[in-house]
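**Q** As input, take protein-v5.csv (CSV, C-alpha atoms and all ligand atoms):
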```csv
chain,number,residue,atom,x,y,z
A,190,MET,CA,61.9,103.6,123.2
A,191,HIS,CA,63.3,104.5,119.8
A,192,LYS,CA,63.8,101.6,117.4
A,193,VAL,CA,66.5,101.5,114.7
A,194,SER,CA,66.5,98.8,112.1
A,195,VAL,CA,69.9,97.7,110.9
A,196,ILE,CA,71.4,95.1,108.6
A,197,ASP,CA,75.0,94.0,109.3
A,198,SER,CA,77.5,92.7,106.7
A,199,HIS,CA,81.2,92.2,106.4
A,200,THR,CA,83.6,92.8,103.6
A,201,GLY,CA,86.8,90.9,103.8
A,202,GLY,CA,86.3,90.8,107.6
A,203,GLU,CA,85.5,94.5,108.0
A,204,PRO,CA,82.0,95.1,109.3
A,205,THR,CA,79.4,97.5,107.9
A,206,ARG,CA,76.1,98.3,109.8
A,207,THR,CA,73.5,99.8,107.5
A,208,ILE,CA,70.7,101.8,109.1
A,209,ILE,CA,67.6,101.0,107.0
A,210,ASN,CA,65.0,102.6,109.3
A,211,GLY,CA,64.8,104.8,112.4
A,212,GLY,CA,67.7,107.1,111.4
A,213,PRO,CA,67.7,110.9,112.0
A,214,ASN,CA,65.9,113.3,109.6
A,215,LEU,CA,68.8,115.2,108.0
A,216,GLY,CA,66.7,117.3,105.6
A,217,SER,CA,66.9,117.2,101.8
A,218,GLY,CA,70.2,118.9,101.1
A,219,SER,CA,73.1,117.4,99.3
A,220,LEU,CA,74.7,114.4,101.0
A,221,ALA,CA,77.6,116.7,102.1
A,222,GLU,CA,75.2,119.1,103.7
A,223,ARG,CA,73.3,116.2,105.4
A,224,ARG,CA,76.6,114.9,106.7
A,225,VAL,CA,77.1,118.3,108.4
A,226,VAL,CA,73.6,118.2,110.0
A,227,PHE,CA,74.3,114.6,111.1
A,228,GLU,CA,77.5,115.7,112.8
A,229,GLN,CA,76.2,118.9,114.4
A,230,GLU,CA,72.7,117.7,115.5
A,231,PHE,CA,72.7,113.9,115.7
A,232,ASP,CA,76.2,112.9,116.6
A,233,SER,CA,75.0,110.9,119.6
A,234,PHE,CA,72.9,108.8,117.2
A,235,ARG,CA,76.2,107.9,115.4
A,236,SER,CA,77.8,106.9,118.7
A,237,ALA,CA,74.7,104.9,119.8
A,238,VAL,CA,74.7,102.8,116.7
A,239,VAL,CA,78.3,101.8,116.3
A,240,ASN,CA,80.0,102.2,119.7
A,241,GLU,CA,79.9,99.9,122.6
A,242,PRO,CA,77.7,98.5,124.1
A,243,ARG,CA,75.8,97.9,120.8
A,244,GLY,CA,78.9,97.9,118.6
A,245,SER,CA,82.7,98.2,118.8
A,246,ASP,CA,85.5,100.4,117.6
A,247,VAL,CA,85.7,98.5,114.3
A,248,VAL,CA,82.1,98.9,113.2
A,249,VAL,CA,81.5,101.3,110.3
A,250,GLY,CA,78.0,102.7,110.0
A,251,ALA,CA,76.2,103.4,106.8
A,252,LEU,CA,73.1,105.6,107.0
A,253,LEU,CA,70.9,104.8,104.1
A,254,CYS,CA,69.5,108.1,102.7
A,255,GLU,CA,67.2,109.3,99.8
A,256,PRO,CA,69.5,110.4,97.0
A,257,VAL,CA,69.2,113.9,95.6
A,258,ASP,CA,69.8,112.6,92.1
A,259,PRO,CA,66.9,110.3,91.2
A,260,THR,CA,69.1,108.2,88.9
A,261,CYS,CA,71.0,107.0,92.0
A,262,ALA,CA,69.8,103.8,93.7
A,263,ALA,CA,70.6,105.2,97.1
A,264,GLY,CA,72.4,107.8,99.1
A,265,VAL,CA,74.7,106.9,102.0
A,266,ILE,CA,76.7,108.6,104.8
A,267,PHE,CA,79.4,106.5,106.3
A,268,PHE,CA,80.5,106.9,109.9
A,269,ASN,CA,82.7,105.2,112.5
A,270,ASN,CA,83.5,105.2,116.2
A,271,VAL,CA,84.8,108.8,116.2
A,272,GLY,CA,83.2,110.6,113.3
A,273,TYR,CA,82.3,110.6,109.6
A,274,LEU,CA,84.0,109.2,106.4
A,275,GLY,CA,84.0,110.8,103.0
A,276,MET,CA,83.7,107.5,101.1
A,277,CYS,CA,84.1,103.9,102.2
A,278,GLY,CA,85.0,101.2,99.8
A,279,HIS,CA,84.3,98.1,101.9
A,280,GLY,CA,81.2,99.9,103.2
A,281,THR,CA,79.9,100.4,99.6
A,282,MET,CA,80.3,96.7,99.0
A,283,GLY,CA,78.4,95.9,102.2
A,284,LEU,CA,75.7,98.4,101.2
A,285,LEU,CA,75.2,96.7,97.8
A,286,VAL,CA,74.8,93.2,99.2
A,287,THR,CA,72.4,94.7,101.9
A,288,LEU,CA,70.3,96.4,99.2
A,289,ALA,CA,70.2,93.1,97.3
A,290,TYR,CA,69.2,91.3,100.4
A,291,MET,CA,66.4,93.8,100.9
A,292,GLY,CA,65.3,93.2,97.3
A,293,ARG,CA,66.0,96.8,96.4
A,294,ILE,CA,68.5,96.0,93.6
A,295,GLN,CA,69.4,93.3,91.2
A,296,PRO,CA,72.8,92.4,89.7
A,297,GLY,CA,74.1,95.3,87.5
A,298,ALA,CA,75.5,98.8,87.9
A,299,HIS,CA,74.0,101.2,90.5
A,300,LYS,CA,74.9,104.8,91.2
A,301,ILE,CA,75.3,105.6,94.9
A,302,GLU,CA,75.4,109.2,96.2
A,303,THR,CA,78.0,109.9,98.9
A,304,PRO,CA,79.2,113.2,100.6
A,305,VAL,CA,82.2,113.2,98.4
A,306,GLY,CA,80.5,112.4,95.1
A,307,ILE,CA,78.6,109.8,93.2
A,308,VAL,CA,80.2,106.3,92.9
A,309,THR,CA,79.1,103.5,90.6
A,310,ALA,CA,78.9,100.1,92.3
A,311,THR,CA,78.2,96.9,90.3
A,312,LEU,CA,76.7,93.8,91.9
A,313,HIS,CA,78.0,90.9,89.9
A,314,PRO,CA,75.9,87.7,89.5
A,315,ASN,CA,78.4,85.8,91.7
A,316,GLY,CA,77.8,88.3,94.5
A,317,ASP,CA,81.1,90.2,94.2
A,318,VAL,CA,80.9,94.0,94.1
A,319,SER,CA,83.0,96.4,92.1
A,320,VAL,CA,83.1,100.0,93.2
A,321,GLY,CA,84.0,102.7,90.7
A,322,ASN,CA,85.3,105.1,93.2
A,323,VAL,CA,85.6,108.9,93.2
A,324,PRO,CA,88.6,110.3,91.3
A,325,SER,CA,91.8,109.7,93.3
A,326,TRP,CA,95.3,111.1,93.2
A,327,CYS,CA,98.7,111.2,94.8
A,328,GLU,CA,99.0,114.7,96.3
A,329,LYS,CA,102.7,114.5,97.4
A,330,GLN,CA,105.3,111.8,96.8
A,331,ALA,CA,108.1,110.9,99.2
A,332,LEU,CA,107.0,113.3,101.9
A,333,GLY,CA,109.4,113.1,104.9
A,334,ILE,CA,107.8,113.4,108.3
A,335,HIS,CA,109.8,113.5,111.5
A,336,VAL,CA,108.1,111.2,114.0
A,337,PRO,CA,109.2,111.6,117.7
A,338,ASP,CA,110.8,108.4,119.0
A,339,ILE,CA,110.7,106.8,115.6
A,340,GLY,CA,112.7,109.2,113.3
A,341,LEU,CA,112.2,110.2,109.7
A,342,VAL,CA,109.3,108.4,108.0
A,343,THR,CA,108.9,108.8,104.3
A,344,GLY,CA,105.6,108.2,102.6
A,345,ASP,CA,103.1,109.4,100.0
A,346,LEU,CA,100.1,111.6,100.7
A,347,ALA,CA,97.0,110.6,98.6
A,348,TRP,CA,93.3,111.0,98.3
A,349,GLY,CA,91.1,107.9,97.6
A,350,GLY,CA,87.8,109.2,99.0
A,351,ASN,CA,89.6,109.7,102.3
A,352,TRP,CA,93.1,111.1,103.0
A,353,PHE,CA,95.9,108.6,103.4
A,354,PHE,CA,99.6,108.7,104.3
A,355,LEU,CA,101.1,105.6,102.6
A,356,ILE,CA,104.4,104.1,103.8
A,357,GLU,CA,106.4,101.4,102.1
A,358,ASP,CA,109.7,102.1,103.7
A,359,HIS,CA,109.5,100.9,107.3
A,360,ASP,CA,110.8,98.0,109.4
A,361,MET,CA,107.4,96.8,110.7
A,362,ASP,CA,106.3,93.2,110.2
A,363,LEU,CA,102.8,93.2,108.8
A,364,ASN,CA,101.6,90.2,110.8
A,365,LEU,CA,98.4,90.2,112.9
A,366,VAL,CA,100.3,89.0,115.9
A,367,HIS,CA,102.0,92.5,115.9
A,368,VAL,CA,98.7,94.4,115.8
A,369,ASP,CA,99.4,96.5,118.9
A,370,ARG,CA,102.9,97.5,117.7
A,371,LEU,CA,101.5,98.3,114.2
A,372,THR,CA,98.7,100.4,115.8
A,373,ASP,CA,101.2,102.3,118.0
A,374,TYR,CA,103.6,103.0,115.1
A,375,ALA,CA,100.8,104.1,112.7
A,376,TRP,CA,99.2,106.3,115.4
A,377,ARG,CA,102.5,108.1,116.2
A,378,VAL,CA,103.0,108.6,112.4
A,379,ARG,CA,99.4,110.0,112.1
A,380,GLN,CA,100.0,112.5,114.9
A,381,ALA,CA,103.2,113.7,113.4
A,382,VAL,CA,101.7,114.0,109.9
A,383,ASN,CA,98.8,116.0,111.3
A,384,ALA,CA,101.2,118.2,113.4
A,385,GLN,CA,103.4,118.9,110.4
A,386,GLY,CA,100.6,120.6,108.5
A,387,TYR,CA,98.5,117.8,107.1
A,388,SER,CA,95.6,117.8,109.5
A,389,GLU,CA,93.3,116.3,106.9
A,390,VAL,CA,95.1,112.9,106.9
A,391,ASP,CA,93.2,110.5,109.1
A,392,HIS,CA,94.2,107.1,107.6
A,393,ILE,CA,97.7,105.6,107.8
A,394,GLU,CA,98.6,102.7,105.5
A,395,LEU,CA,101.6,100.5,105.7
A,396,PHE,CA,102.7,98.1,103.0
A,397,GLY,CA,104.7,94.9,103.1
A,398,PRO,CA,105.2,91.7,101.2
A,399,PRO,CA,102.0,89.7,100.4
A,400,THR,CA,101.2,86.2,101.6
A,401,ALA,CA,98.0,85.5,99.6
A,402,ALA,CA,98.4,83.8,96.3
A,403,GLY,CA,98.5,86.4,93.4
A,404,ALA,CA,98.5,89.4,95.7
A,405,HIS,CA,100.9,92.3,95.0
A,406,ALA,CA,101.2,93.7,98.6
A,407,ARG,CA,99.8,93.3,102.0
A,408,ASN,CA,98.6,96.4,104.0
A,409,PHE,CA,97.8,97.5,107.5
A,410,VAL,CA,95.4,100.4,107.5
A,411,LEU,CA,94.8,102.4,110.7
A,412,CYS,CA,91.4,104.1,110.6
A,413,PRO,CA,90.6,107.5,112.2
A,414,GLY,CA,89.4,106.0,115.5
A,415,LYS,CA,92.5,103.8,116.0
A,416,ALA,CA,90.8,100.6,114.8
A,417,TYR,CA,92.6,98.8,112.0
A,418,ASP,CA,90.8,97.9,108.8
A,419,ARG,CA,90.2,94.1,108.5
A,420,SER,CA,89.6,94.5,104.8
A,421,PRO,CA,92.3,95.9,102.4
A,422,CYS,CA,90.4,99.2,102.5
A,423,GLY,CA,88.7,100.3,99.4
A,424,THR,CA,89.6,104.0,99.7
A,425,GLY,CA,93.1,103.0,100.8
A,426,THR,CA,93.5,100.7,97.8
A,427,SER,CA,92.3,103.6,95.6
A,428,ALA,CA,94.9,105.9,97.1
A,429,LYS,CA,97.6,103.2,96.5
A,430,ILE,CA,96.8,102.7,92.8
A,431,ALA,CA,96.8,106.5,92.4
A,432,CYS,CA,100.3,106.6,93.8
A,433,LEU,CA,101.4,103.6,91.6
A,434,ALA,CA,99.9,105.4,88.5
A,435,ALA,CA,101.7,108.6,89.4
A,436,LYS,CA,105.0,106.8,89.6
A,437,GLY,CA,104.4,104.9,86.3
A,438,LYS,CA,104.4,101.6,88.2
A,439,LEU,CA,100.9,100.4,87.2
A,440,SER,CA,99.3,100.9,83.8
A,441,PRO,CA,95.7,101.7,83.2
A,442,GLY,CA,93.7,98.4,83.1
A,443,ALA,CA,96.4,96.4,84.8
A,444,GLU,CA,95.3,94.5,87.9
A,445,TRP,CA,96.6,95.2,91.4
A,446,ILE,CA,95.7,92.7,94.1
A,447,GLN,CA,95.7,94.2,97.6
A,448,GLU,CA,95.8,91.9,100.6
A,449,SER,CA,94.7,93.0,104.1
A,450,ILE,CA,96.4,92.3,107.4
A,451,ILE,CA,94.0,89.4,107.9
A,452,GLY,CA,94.6,87.9,104.4
A,453,SER,CA,91.4,89.1,102.6
A,454,THR,CA,91.9,90.6,99.2
A,455,PHE,CA,90.5,93.3,96.8
A,456,SER,CA,91.4,93.5,93.2
A,457,ALA,CA,91.9,97.0,91.8
A,458,GLN,CA,92.5,98.7,88.5
A,459,TYR,CA,92.1,102.2,87.0
A,460,THR,CA,91.5,104.3,84.0
A,461,TRP,CA,92.8,107.9,83.8
A,462,PHE,CA,90.3,110.6,84.9
A,463,ASP,CA,92.8,113.4,84.0
A,464,GLN,CA,96.3,112.2,83.2
A,465,SER,CA,97.7,115.7,83.1
A,466,ARG,CA,96.7,116.2,86.8
A,467,GLY,CA,97.5,112.5,87.8
A,468,LYS,CA,93.9,111.8,88.6
A,469,VAL,CA,92.6,108.2,88.2
A,470,CYS,CA,89.2,106.5,88.3
A,471,PRO,CA,89.8,103.4,90.5
A,472,VAL,CA,87.6,100.3,90.4
A,473,ILE,CA,87.9,98.1,93.4
A,474,THR,CA,86.4,94.6,93.5
A,475,GLY,CA,85.7,92.4,96.6
A,476,SER,CA,83.0,90.3,98.2
A,477,ALA,CA,80.7,91.1,101.1
A,478,PHE,CA,78.1,89.1,103.0
A,479,VAL,CA,75.1,90.1,105.1
A,480,ASN,CA,75.4,88.4,108.5
A,481,ALA,CA,72.7,89.9,110.8
A,482,GLU,CA,69.4,91.8,110.8
A,483,SER,CA,68.3,93.4,114.0
A,484,THR,CA,66.4,96.2,115.7
A,485,GLN,CA,68.4,98.4,118.1
A,486,LEU,CA,66.5,99.8,121.0
A,487,LEU,CA,67.4,103.3,122.2
A,488,ASP,CA,66.2,103.8,125.7
A,489,GLU,CA,66.8,107.3,127.1
A,490,ARG,CA,66.8,106.0,130.6
A,491,ASP,CA,69.9,103.8,129.8
A,492,PRO,CA,73.0,105.8,130.9
A,493,PHE,CA,74.9,104.2,128.0
A,494,CYS,CA,72.1,104.6,125.5
A,495,TRP,CA,74.3,106.9,123.3
A,496,GLY,CA,77.3,104.6,123.4
A,497,ILE,CA,80.5,104.6,125.3
A,498,GLY,CA,82.6,107.2,123.6
A,499,VAL,CA,82.8,110.9,122.8
A,500,HIS,CA,80.0,112.4,120.8
A,501,LYS,CA,80.0,116.0,119.7
A,502,ASN,CA,76.5,116.9,120.9
A,503,GLU,CA,77.9,116.4,124.4
A,504,CYS,CA,81.3,118.0,124.0
A,505,ALA,CA,80.2,121.6,123.5
B,1,LIG,O1,87.1,100.4,102.7
B,1,LIG,O2,87.4,102.6,102.2
B,1,LIG,C1,87.3,101.6,103.0
B,1,LIG,C2,87.4,101.9,104.5
B,1,LIG,C3,87.6,103.1,105.0
B,1,LIG,C4,87.6,102.9,106.4
B,1,LIG,C5,87.4,101.6,106.6
B,1,LIG,N1,87.2,101.0,105.4
```
What does the file become when written as structure tokens?
**A**
Amino acid sequence: MHKVSVIDSHTGGEPTRTIINGGPNLGSGSLAERRVVFEQEFDSFRSAVVNEPRGSDVVVGALLCEPVDPTCAAGVIFFNNVGYLGMCGHGTMGLLVTLAYMGRIQPGAHKIETPVGIVTATLHPNGDVSVGNVPSWCEKQALGIHVPDIGLVTGDLAWGGNWFFLIEDHDMDLNLVHVDRLTDYAWRVRQAVNAQGYSEVDHIELFGPPTAAGAHARNFVLCPGKAYDRSPCGTGTSAKIACLAAKGKLSPGAEWIQESIIGSTFSAQYTWFDQSRGKVCPVITGSAFVNAESTQLLDERDPFCWGIGVHKNECA
């Protein structure tokens, strides 16, 4: 029986499951190299930890790793029901409150190594967390995509630690009661975006009018494995403010409050990383709470030990 120790948290409603013990040995390469080893050799472990029957499509995993850079407080590889994430904003907030709960960090700024670069996360005395994300940018503005059965959909293509297609111009009502319709729409758009040459895009983000006091917009974010983000999505909010900066609609240091489909909010702002290339350094602030600490038992005799879902070690 293999034992895996995890601490669960949620950030604006979106869960993060941090593996603090019992994870696979991925070697001592860079976090990007270790992510490849994870995917190629231990993908069934990913599925076991986050998929049913231990988890669900919405759980994001965070494998706590030794950082290469000794000035970093931790390294982390984020993953979900279908694969691996570059960065994860809500997950980094969840990781920080988890490290604080474990007594590994105190309030203050902490560098965290991820497969797409080092981020700086600050635990505030009131428990909020700010994530200084990787440089983000709008790759293409007003990209027209023909979506079968929907028609022409125009959006922006942007990087915020993951690749996003962001759509403001649509006729969807961003209300949780329409979650199935929103999921279907966003999934069709994703397939069309991928088919029309942008295979790297795995997150679709729709925007609409806010309902939370002080918020500038509400979003609906469809994640790679078809689950929607309950939080406003840290990397999605980073991609959004990169697009606003590129269009001259948000000044450096000005606050953007992003509301999620369930009404939770992140506040965001940026400084320029390289104005000539439209790259920004986003800082996203939100709150996260630890809500469970447990030991998972992986019993090889259990036919669903490795989760219900597709894992790459078994697909070959
Ligand atoms: O907060 O960056 C984020 C995120 C990505 C996928 C789910 N949440």
**Q** I'd like the contact shell of Ser219 in chain A - 8 Å cut-off, all atoms listed in the file, skipping same-chain residues fewer than 4 positions apart - returned as number ranges by chain.
**A** A: 223, 257, 304
**Q** Which residues are near ligand LIG 1 (chain B) - at most 7 Å, using all atoms listed in the file? Format: as an NGL selection string.
**A** :A and (249 or 276-280 or 412 or 418 or 420-425)
**Q** Please write as a list in words the list of polymer residues whose atoms come within 10 Å of (73.4, 86.2, 90.6), counting all atoms listed in the file and keeping to the coordinates of the file.
**A**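 Output of the proximity query reads Gln295, Pro296, Gly297, Leu312, His313, Pro314, Asn315, Gly316 and Asp317 of chain A.
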**Q** List the spatial neighbours of Thr287 in chain A as a ChimeraX atom specification - criterion: any atom at most 9 Å away, all atoms listed in the file, same-chain residues fewer than 5 positions off excluded.
**A** /A:196-198,207,282,292-293,478-479
**Q** Tell me which of A:Gly349, A:Gly397, A:Gly201, A:Gly264 sits closest to Asp362 in chain A, counting only C-alpha atoms.
**A**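 With only C-alpha atoms as the atom set, the closest residue is A:Gly397.
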**Q** Give me the residues near range 230-242 of chain A as a compact mmCIF listing (two decimals) with C-alpha atoms, in the frame of the given file, where near means some atom within 10 Å (using only C-alpha atoms) and where sequence neighbours in that chain fewer than 5 positions away do not count.
**A**
```
# COMPACT_ATOMS: atom_id res chain seq x y z
CA VAL A 193 66.50 101.50 114.70
CA VAL A 195 69.90 97.70 110.90
CA THR A 205 79.40 97.50 107.90
CA ARG A 206 76.10 98.30 109.80
CA THR A 207 73.50 99.80 107.50
CA ILE A 208 70.70 101.80 109.10
CA GLY A 212 67.70 107.10 111.40
CA PRO A 213 67.70 110.90 112.00
CA ASN A 214 65.90 113.30 109.60
CA LEU A 215 68.80 115.20 108.00
CA ARG A 224 76.60 114.90 106.70
CA VAL A 225 77.10 118.30 108.40
CA VAL A 247 85.70 98.50 114.30
CA VAL A 248 82.10 98.90 113.20
CA VAL A 249 81.50 101.30 110.30
CA GLY A 250 78.00 102.70 110.00
CA ALA A 251 76.20 103.40 106.80
CA LEU A 252 73.10 105.60 107.00
CA PHE A 267 79.40 106.50 106.30
CA PHE A 268 80.50 106.90 109.90
CA ASN A 269 82.70 105.20 112.50
CA ASN A 270 83.50 105.20 116.20
CA VAL A 271 84.80 108.80 116.20
CA GLY A 272 83.20 110.60 113.30
CA TYR A 273 82.30 110.60 109.60
CA GLN A 485 68.40 98.40 118.10
CA LEU A 486 66.50 99.80 121.00
CA LEU A 487 67.40 103.30 122.20
CA PHE A 493 74.90 104.20 128.00
CA CYS A 494 72.10 104.60 125.50
CA TRP A 495 74.30 106.90 123.30
CA GLY A 496 77.30 104.60 123.40
CA ILE A 497 80.50 104.60 125.30
CA GLY A 498 82.60 107.20 123.60
CA VAL A 499 82.80 110.90 122.80
CA HIS A 500 80.00 112.40 120.80
CA LYS A 501 80.00 116.00 119.70
CA ASN A 502 76.50 116.90 120.90
CA GLU A 503 77.90 116.40 124.40
```
**Q** Between A:Val410, A:Ala481, A:Leu220, A:Val323, which is the closest to Trp461 in chain A once you count all atoms listed in the file?
**A**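 Closest residue, counting all atoms listed in the file: A:Val323.
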**Q** Fewer than 6 positions away in the same chain doesn't count, so skip those; otherwise give me all residues within 6 Å of Phe396 in chain A, counting only C-alpha atoms, as a tab-separated table (two decimals) with C-alpha atoms, keeping the file's coordinate frame.
**A**
```tsv
chain	number	residue	atom	x	y	z
A	357	GLU	CA	106.40	101.40	102.10
A	407	ARG	CA	99.80	93.30	102.00
A	408	ASN	CA	98.60	96.40	104.00
```
**Q** Which value, in Å to one decimal, gives the distance between CA of Tyr290 in chain A and CA of Thr474 in chain A?
**A** 18.8 Å
**Q** Contacts of Tyr417 in chain A at 10 Å or less, counting only C-alpha atoms, minus same-chain residues fewer than 5 places along, as a PyMOL selection string?
**A** chain A and resi 203+246-247+368-369+371-372+375+392-394+409-412+422+450
**Q** Would you mind telling me which residue in A:Thr400, A:Ser319, A:Thr281, A:Ser245 lies nearest to Ile473 in chain A when using all atoms listed in the file?
**A** A:Ser319
**Q** Which residue, A:His359, A:Arg490, A:His335, A:Arg419, has the smallest gap to Ala381 in chain A when you use only C-alpha atoms?
**A**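 Result for the nearest residue to Ala381 in chain A: A:His335.
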**Q** For Lys329 in chain A, which residue among A:Ile301, A:Ile451, A:Leu346, A:Leu253 is the nearest when counting only C-alpha atoms?
**A**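 Closest to Lys329 in chain A, using only C-alpha atoms: A:Leu346.
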**Q** State, in Å with one decimal place, the distance from CA of Asp358 in chain A to CA of Ser465 in chain A.
**A**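 Spanning CA of Asp358 in chain A to CA of Ser465 in chain A is a straight-line distance of 27.4 Å.
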**Q** Give me, please, the distance in Å between CA of Cys261 in chain A and CA of Leu274 in chain A, quoted to one decimal.
**A**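 Distance between the two atoms: 19.5 Å.
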**Q** With distances taken over all atoms listed in the file, which residue among A:Gly275, A:Pro337, A:Pro324, A:Gly442 lies nearest Pro413 in chain A?
**A**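 Among the listed residues, A:Gly275 lies closest to Pro413 in chain A.
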